[in-house]
Amino acid sequence: MHPQVKTQHSSQHELLLPVGTYEMALAAIHNGADAIYLGVPGFNARGRSYDFEMQELKKIIQTCHLYGVRAHLAFNIVIFENELPQVIEVLKEILPLKPDALIVQDLGLAQIIRELSPDQIIHASTQMTITNHEAISLLEDLNIRRFVLGRENSLDEIRLIREKTDKDLEVFVHGALCVSYSGQCFTSESIGGRSANRGQCAQSCRFAYNLFVDGEKKQMNGRDYLVSPQDLCGIEQIPELIDIGVQSFKVEGRLKSPEYVASATQEYRDAIDRALVKRPLTGQELSIAKQHMGLTYSRGFFSGWLKGVDHQHLVEGTYSAHRGVEIAKVIEVHDDSLVIESTDNLHLHPGDGLVWVFRKRSHWVEKGGFIYQVHKISQKKIEVFFSTDLKLDRDTVGARVYFNHDKELKKDLQRSFTDKHQFKKIPVTLKVEIEIGKPLTAVMMDGVHSVSAQTASPIELAKTKGTTDSQLKEELGALSATAFDLHKCELKRATQDPIYVSQKEIKEVRRHLSESLANIRSEFEHARPQFDQVKIDTLLQPRPRPASSKIKLNVLLREKDQVLDLVQAIRDGQINKADLGAVILDFEFGRDYLSSLEELKKSELRTGVATTRILKPQEYNNLKSIQKMNPDVILVRNLGALQYFTKTSPFSGDLIGDFSLNVTNHLTADYLLKKGLKSLCLSYDLNKNQIDDVLQFTPAEKLEITVHQYMPSFHMEHCVFAMTLSEGSSWKDCGKPCEQHKLELEDQFGNRHQIKPDQECRNTMYNAVSQSAAKYLPEWQSQGLGFARYEALRERNDELIGKIQTYIGLINQTLTVNEASEKLGKMESYGLSEGSLSRLTEYQSRKR
């Protein structure tokens, strides 16, 4: 018989591993993972990862459930308007597979899931940029079970969030670190048309950049990878994270190898289990664990932001790819060998791999090879020989040596997910009833489920030796070919007389029990859920288009001198204040706001102040300060600020949402408008056609499009000013070089991208090339668009006023598109671009 499944998964202390292939799933399962996460085909944040077919997804989920491992599906990208029907069809395919959770970025998608499957567990992706409890409270009506916090949250901040919410919290503890906040990186979009919010990240943070300080190139002595963080390794922080009450410990790496997954699973499993019994790993054990994991992949390990910001150590700066573990320095070079010396004992063997890095003139040179022979000179000094094909450079003396391939370790890791004798086993108990004249009845239990089976024939009184108890236990317990291991077997005899049971029938009972229990655990059979088509149709219903009206031009300024330029232009009659909507201030250091607002109010202009893009638990003073300023408008850039100004401390003026809220479809727009926003700026991930689609389905008069900007690319907790112009690790000891200097990062194309700090010392890199939507503005005006925005960066005087005048002329139809474009183009150092707006075909990554 097959009883109803009542599996209860505890969400406490979950070790969560990445899966990009079936082998990676096996590596996670059989090395101790509590859960895995893998991408929904075509709709996940790792565009280069392999897209599973539905049958492959089903197989992985069933295998996970068989072994008691949860399977979470990552649906963690923004959804475009024209994709909503396709998304619904995909959900109809994956919901019957019973994933343990769907990991979601898009708020519109979360609403669809709630409509289609009210009981489906949803986790909020780190792509939602959740860094405070206010954001969690805002989304209460979506019934999101778990929130994946931003990687930039420190242990202290995580603790404060934990104190304010009873939702599950998930924290990244290992793997690659994005330098930009997840969900807030537009570098790949602005430079190459590849949206990180769509899983198409070009890894622009891993590029080398030249540093320009006040217009002059600064030599960094080979430290050219200025925004490429070392990999996160938070194994040392596991005990404190458990103490805080974090439910899930997440490892990054769906594009990495099964060996990487196996190693990380083993080490973090041990760390969590040891922490739970108050026996945390010792310093030596931590070093060994880090070496094992570093050999499968490492750009160097650091604790990321878990211990707070450390601008001198987060980014090492001399490399951006896998090197393994630094172990020694080269002290001698021979024709086919290197003598290396370490502060620790060295254990290397033929077949292992080394990489060494040295300076040759002004460049870093990286070489490596497999060891052919090892000659031990002392515990800490060895000579390693390589193939004669490898030419060894005399400049190698002093080189840093990295151990990046351990032949035996790799074999051991591979065996853990390929050798069935090492596979995870589920302990089961058997209860067997024995009564002559009745079939033998056996019940198999795994602690949650139970299944029963019986022989086809009744038990007979043995005429000779018969079937012994030990034979019964041995035959019923022969489960080596299954996922189970017999922990206990109880025989309940109605008689002590010798019995006879056919061995064939005993085997059949065992087979039936193991298969039935496996089927129940795997949940092989699912009733296909019934979906309400009327609700679905209602979700996708277009809105009546409003009548064409004049667009209001909002202007965003980034320094007081720009405010004074604008005010003077109005006084001089160069700009009619009636042509402007709100003038929004977004200053670097939080200074000059009050005096600037006063100047704007004297000119009877509608005033606004922008919040920071990120809100952390101890940063509410910024919000309180904005409220005290009493502008007409607050530009809301994060979900926490929206909750704060609507519920925690209601604001009497208008709240308008910014691009950073990632609105790419009408469902997300409607949701946020209902939360109290008067208008919304559409996401910078949208091209022109995708914007048109949203305008068709959303009240266009409540939408805003940024029509001129230097697109904000990286938005970073990492401070490039402190890293390169000071020896300080934070604002407390950096000397604030950002207040004295202008920084630019020059890319491989020669474009210089300006870096600006905000009030919380976060850096934003702005694209060198401006993006203009002048070409499309008249069409959007005819579609009823409510607001357009011009964003200034460093423009002053005639350039600033000239650009504003040009867009006013375009809106008032006193300038044609060609005339406006010509005027704007003459004012741009790097020319004028339509950027992502004109890219009508989305970049598709090459699949694994």
# chains A, B, ... in the order shown; residues from 1 in each chain; ligands from 1
call {"tool": "select_by_dssp", "arguments": {"residues": "segment 522-658 of chain A", "states": "strand (DSSP E or B)", "output": "list of chain:residue names"}}
result
A:Lys552, A:Leu553, A:Asn554, A:Val555, A:Leu556, A:Leu557, A:Leu580, A:Gly581, A:Ala582, A:Val583, A:Ile584, A:Leu585, A:Arg606, A:Thr607, A:Gly608, A:Val609, A:Ala610, A:Val633, A:Ile634, A:Leu635, A:Val636, A:Asp654, A:Leu655, A:Ile656, A:Gly657
call {"tool": "residues_around", "arguments": {"residues": "segment 795-803 of chain A", "least_positions_apart": "4", "cutoff": "7 Å", "atoms": "only C-alpha atoms", "output": "short mmCIF file (atom, residue, chain, number, x, y, z; two decimals) with N, CA and C atoms, in the first residue's frame"}}
result
data_model
loop_
_atom_site.label_atom_id
_atom_site.label_comp_id
_atom_site.auth_asym_id
_atom_site.auth_seq_id
_atom_site.Cartn_x
_atom_site.Cartn_y
_atom_site.Cartn_z
N GLN A 562 25.08 72.78 -10.37
CA GLN A 562 24.09 72.50 -11.43
C GLN A 562 22.75 73.14 -11.08
N ASP A 565 23.04 76.76 -11.84
CA ASP A 565 22.99 76.99 -13.29
C ASP A 565 21.54 76.97 -13.78
N LEU A 566 20.76 76.00 -13.29
CA LEU A 566 19.36 75.88 -13.73
C LEU A 566 18.54 77.08 -13.26
N TYR A 807 15.60 68.92 -24.91
CA TYR A 807 14.50 67.98 -24.63
C TYR A 807 13.17 68.71 -24.46
N LEU A 824 22.38 67.56 -29.43
CA LEU A 824 22.88 66.74 -28.32
C LEU A 824 24.23 66.13 -28.66
N MET A 827 27.35 68.08 -28.06
CA MET A 827 27.71 68.36 -26.66
C MET A 827 28.34 67.17 -25.95
#
call {"tool": "closest_residue", "arguments": {"among": "A:Pro427, A:Pro85, A:Gly245, A:Pro118", "to": "Arg162 of chain A", "atoms": "only C-alpha atoms"}}
result
A:Gly245
call {"tool": "atom_distance", "arguments": {"atom1": "atom CA of His347 of chain A", "atom2": "atom CA of Gly253 of chain A"}}
result
28.1 Å
call {"tool": "residues_around", "arguments": {"residues": "segment 503-517 of chain A", "least_positions_apart": "6", "cutoff": "9 Å", "atoms": "only C-alpha atoms", "output": "list in words"}}
result
Met1, His2, Leu66, Leu440, Thr441, Ala442, Val443, Met444, Met445, Asp446, His449, Ser450, Val451, Ser452, Ala453, Gln454, Thr455, Ala456, Ser457, Thr467, Leu472, Glu475, Leu476, Gly477, Ala478, Leu479, Thr482, Ala483 and Phe484 of chain A
call {"tool": "residues_around", "arguments": {"residues": "Gln496 of chain A", "least_positions_apart": "2", "cutoff": "12 Å", "atoms": "only C-alpha atoms", "output": "list in words"}}
result
Ile434, Glu435, Ile436, Leu461, Ala462, Thr467, Thr468, Asp469, Leu491, Lys492, Arg493, Ala494, Pro498 and Ile499 of chain A
call {"tool": "residues_around", "arguments": {"residues": "Asp654 of chain A", "least_positions_apart": "5", "cutoff": "9 Å", "atoms": "only C-alpha atoms", "output": "list of chain:residue names"}}
result
A:Pro631, A:Asp632, A:Val633, A:Ile634, A:Leu635, A:Gly676, A:Leu677, A:Lys678, A:Ser679
call {"tool": "residues_around", "arguments": {"residues": "segment 713-723 of chain A", "least_positions_apart": "2", "cutoff": "8 Å", "atoms": "only C-alpha atoms", "output": "PyMOL selection string"}}
result
chain A and resi 152+179-181+184-188+190+226-227+309+311-312+314+711+725-731+734+736-738+743+757+761-767
call {"tool": "write_last_selection", "arguments": {"atoms": "N, CA, C and O atoms", "output": "tab-separated table (two decimals), in the first residue's frame"}}
result
chain	number	residue	atom	x	y	z
A	152	GLU	N	26.31	41.81	0.45
A	152	GLU	CA	27.01	42.91	1.12
A	152	GLU	C	26.59	43.09	2.57
A	152	GLU	O	27.18	43.91	3.29
A	179	VAL	N	31.03	42.42	-7.75
A	179	VAL	CA	31.42	43.66	-7.10
A	179	VAL	C	30.22	44.57	-6.95
A	179	VAL	O	30.14	45.40	-6.04
A	180	SER	N	29.24	44.42	-7.85
A	180	SER	CA	28.04	45.24	-7.79
A	180	SER	C	26.94	44.51	-7.03
A	180	SER	O	26.89	43.28	-6.98
A	181	TYR	N	26.06	45.29	-6.45
A	181	TYR	CA	24.88	44.70	-5.81
A	181	TYR	C	24.08	43.90	-6.84
A	181	TYR	O	23.81	44.40	-7.94
A	184	GLN	N	21.38	45.26	-9.32
A	184	GLN	CA	21.67	46.68	-9.53
A	184	GLN	C	22.86	46.90	-10.46
A	184	GLN	O	23.42	47.99	-10.49
A	185	CYS	N	23.26	45.88	-11.20
A	185	CYS	CA	24.41	46.02	-12.09
A	185	CYS	C	23.94	46.16	-13.53
A	185	CYS	O	23.30	45.27	-14.07
A	186	PHE	N	24.31	47.28	-14.14
A	186	PHE	CA	23.94	47.53	-15.54
A	186	PHE	C	25.19	47.71	-16.41
A	186	PHE	O	25.11	48.26	-17.50
A	187	THR	N	26.33	47.22	-15.92
A	187	THR	CA	27.58	47.39	-16.67
A	187	THR	C	27.55	46.59	-17.96
A	187	THR	O	27.87	47.11	-19.04
A	188	SER	N	27.18	45.32	-17.87
A	188	SER	CA	27.13	44.49	-19.08
A	188	SER	C	26.11	45.04	-20.06
A	188	SER	O	26.31	45.00	-21.28
A	190	SER	N	25.14	48.29	-20.31
A	190	SER	CA	25.54	49.59	-20.87
A	190	SER	C	26.74	49.46	-21.80
A	190	SER	O	26.87	50.22	-22.76
A	226	LEU	N	40.76	46.26	-10.69
A	226	LEU	CA	40.39	47.13	-9.57
A	226	LEU	C	39.01	46.85	-9.01
A	226	LEU	O	38.68	47.31	-7.91
A	227	VAL	N	38.18	46.12	-9.75
A	227	VAL	CA	36.81	45.85	-9.27
A	227	VAL	C	36.51	44.35	-9.33
A	227	VAL	O	35.36	43.95	-9.48
A	309	VAL	N	33.02	46.12	5.66
A	309	VAL	CA	33.82	46.51	4.51
A	309	VAL	C	35.30	46.47	4.87
A	309	VAL	O	35.69	46.75	6.01
A	311	HIS	N	38.24	47.68	2.28
A	311	HIS	CA	38.56	48.07	0.91
A	311	HIS	C	39.99	47.72	0.51
A	311	HIS	O	40.31	47.76	-0.68
A	312	GLN	N	40.84	47.36	1.46
A	312	GLN	CA	42.22	47.00	1.11
A	312	GLN	C	42.37	45.51	0.81
A	312	GLN	O	43.36	45.12	0.19
A	314	LEU	N	39.40	43.19	0.06
A	314	LEU	CA	38.34	42.56	-0.74
A	314	LEU	C	38.84	42.26	-2.15
A	314	LEU	O	38.64	41.17	-2.69
A	711	MET	N	24.57	55.93	-18.17
A	711	MET	CA	23.95	54.84	-17.42
A	711	MET	C	24.78	54.42	-16.21
A	711	MET	O	25.98	54.17	-16.34
A	725	LEU	N	43.51	55.26	-3.25
A	725	LEU	CA	44.05	56.56	-2.85
A	725	LEU	C	44.26	56.68	-1.35
A	725	LEU	O	44.47	57.77	-0.83
A	726	SER	N	44.18	55.55	-0.65
A	726	SER	CA	44.42	55.57	0.79
A	726	SER	C	44.89	54.20	1.24
A	726	SER	O	44.93	53.25	0.45
A	727	GLU	N	45.22	54.10	2.51
A	727	GLU	CA	45.53	52.80	3.11
A	727	GLU	C	44.41	52.36	4.04
A	727	GLU	O	44.53	51.38	4.76
A	728	GLY	N	43.30	53.09	4.02
A	728	GLY	CA	42.19	52.82	4.92
A	728	GLY	C	41.30	51.71	4.42
A	728	GLY	O	41.17	51.47	3.23
A	729	SER	N	40.65	51.03	5.37
A	729	SER	CA	39.76	49.93	5.03
A	729	SER	C	38.30	50.34	5.00
A	729	SER	O	37.45	49.61	4.49
A	730	SER	N	37.97	51.52	5.55
A	730	SER	CA	36.59	52.00	5.57
A	730	SER	C	36.59	53.52	5.68
A	730	SER	O	37.66	54.15	5.74
A	731	TRP	N	35.40	54.10	5.77
A	731	TRP	CA	35.30	55.56	5.89
A	731	TRP	C	35.95	56.07	7.18
A	731	TRP	O	36.33	57.25	7.27
A	734	CYS	N	39.95	56.14	6.01
A	734	CYS	CA	40.43	56.33	4.63
A	734	CYS	C	40.85	57.77	4.34
A	734	CYS	O	41.52	58.03	3.33
A	736	LYS	N	38.86	60.07	3.42
A	736	LYS	CA	37.87	60.60	2.47
A	736	LYS	C	38.49	61.22	1.21
A	736	LYS	O	38.23	62.39	0.89
A	737	PRO	N	39.28	60.45	0.47
A	737	PRO	CA	39.86	60.99	-0.77
A	737	PRO	C	38.79	61.33	-1.81
A	737	PRO	O	39.07	62.11	-2.73
A	738	CYS	N	37.60	60.76	-1.67
A	738	CYS	CA	36.52	61.05	-2.63
A	738	CYS	C	36.13	62.52	-2.61
A	738	CYS	O	35.55	63.02	-3.59
A	743	LEU	N	37.69	60.38	-9.92
A	743	LEU	CA	38.19	59.08	-10.37
A	743	LEU	C	37.47	58.62	-11.62
A	743	LEU	O	36.25	58.78	-11.75
A	757	PRO	N	30.81	58.59	-5.40
A	757	PRO	CA	30.33	57.98	-4.15
A	757	PRO	C	28.94	58.51	-3.79
A	757	PRO	O	28.52	59.55	-4.29
A	761	CYS	N	29.11	56.03	1.17
A	761	CYS	CA	30.41	55.64	0.61
A	761	CYS	C	30.31	54.54	-0.44
A	761	CYS	O	31.33	53.92	-0.78
A	762	ARG	N	29.12	54.23	-0.93
A	762	ARG	CA	29.02	53.27	-2.03
A	762	ARG	C	29.41	53.98	-3.32
A	762	ARG	O	29.11	55.15	-3.52
A	763	ASN	N	30.07	53.25	-4.19
A	763	ASN	CA	30.53	53.82	-5.46
A	763	ASN	C	29.61	53.40	-6.59
A	763	ASN	O	29.14	52.25	-6.62
A	764	THR	N	29.37	54.31	-7.50
A	764	THR	CA	28.68	54.00	-8.75
A	764	THR	C	29.59	54.37	-9.91
A	764	THR	O	30.18	55.47	-9.91
A	765	MET	N	29.75	53.47	-10.86
A	765	MET	CA	30.48	53.78	-12.08
A	765	MET	C	29.47	54.16	-13.15
A	765	MET	O	28.50	53.43	-13.37
A	766	TYR	N	29.67	55.30	-13.79
A	766	TYR	CA	28.77	55.79	-14.83
A	766	TYR	C	29.41	55.61	-16.20
A	766	TYR	O	30.59	55.94	-16.39
A	767	ASN	N	28.64	55.11	-17.13
A	767	ASN	CA	29.16	54.86	-18.47
A	767	ASN	C	29.66	56.15	-19.11
A	767	ASN	O	29.04	57.20	-18.98
call {"tool": "residues_around", "arguments": {"residues": "Asn404 of chain A", "least_positions_apart": "5", "cutoff": "6 Å", "atoms": "only C-alpha atoms", "output": "number ranges by chain"}}
result
A: 295, 323-324, 353-354
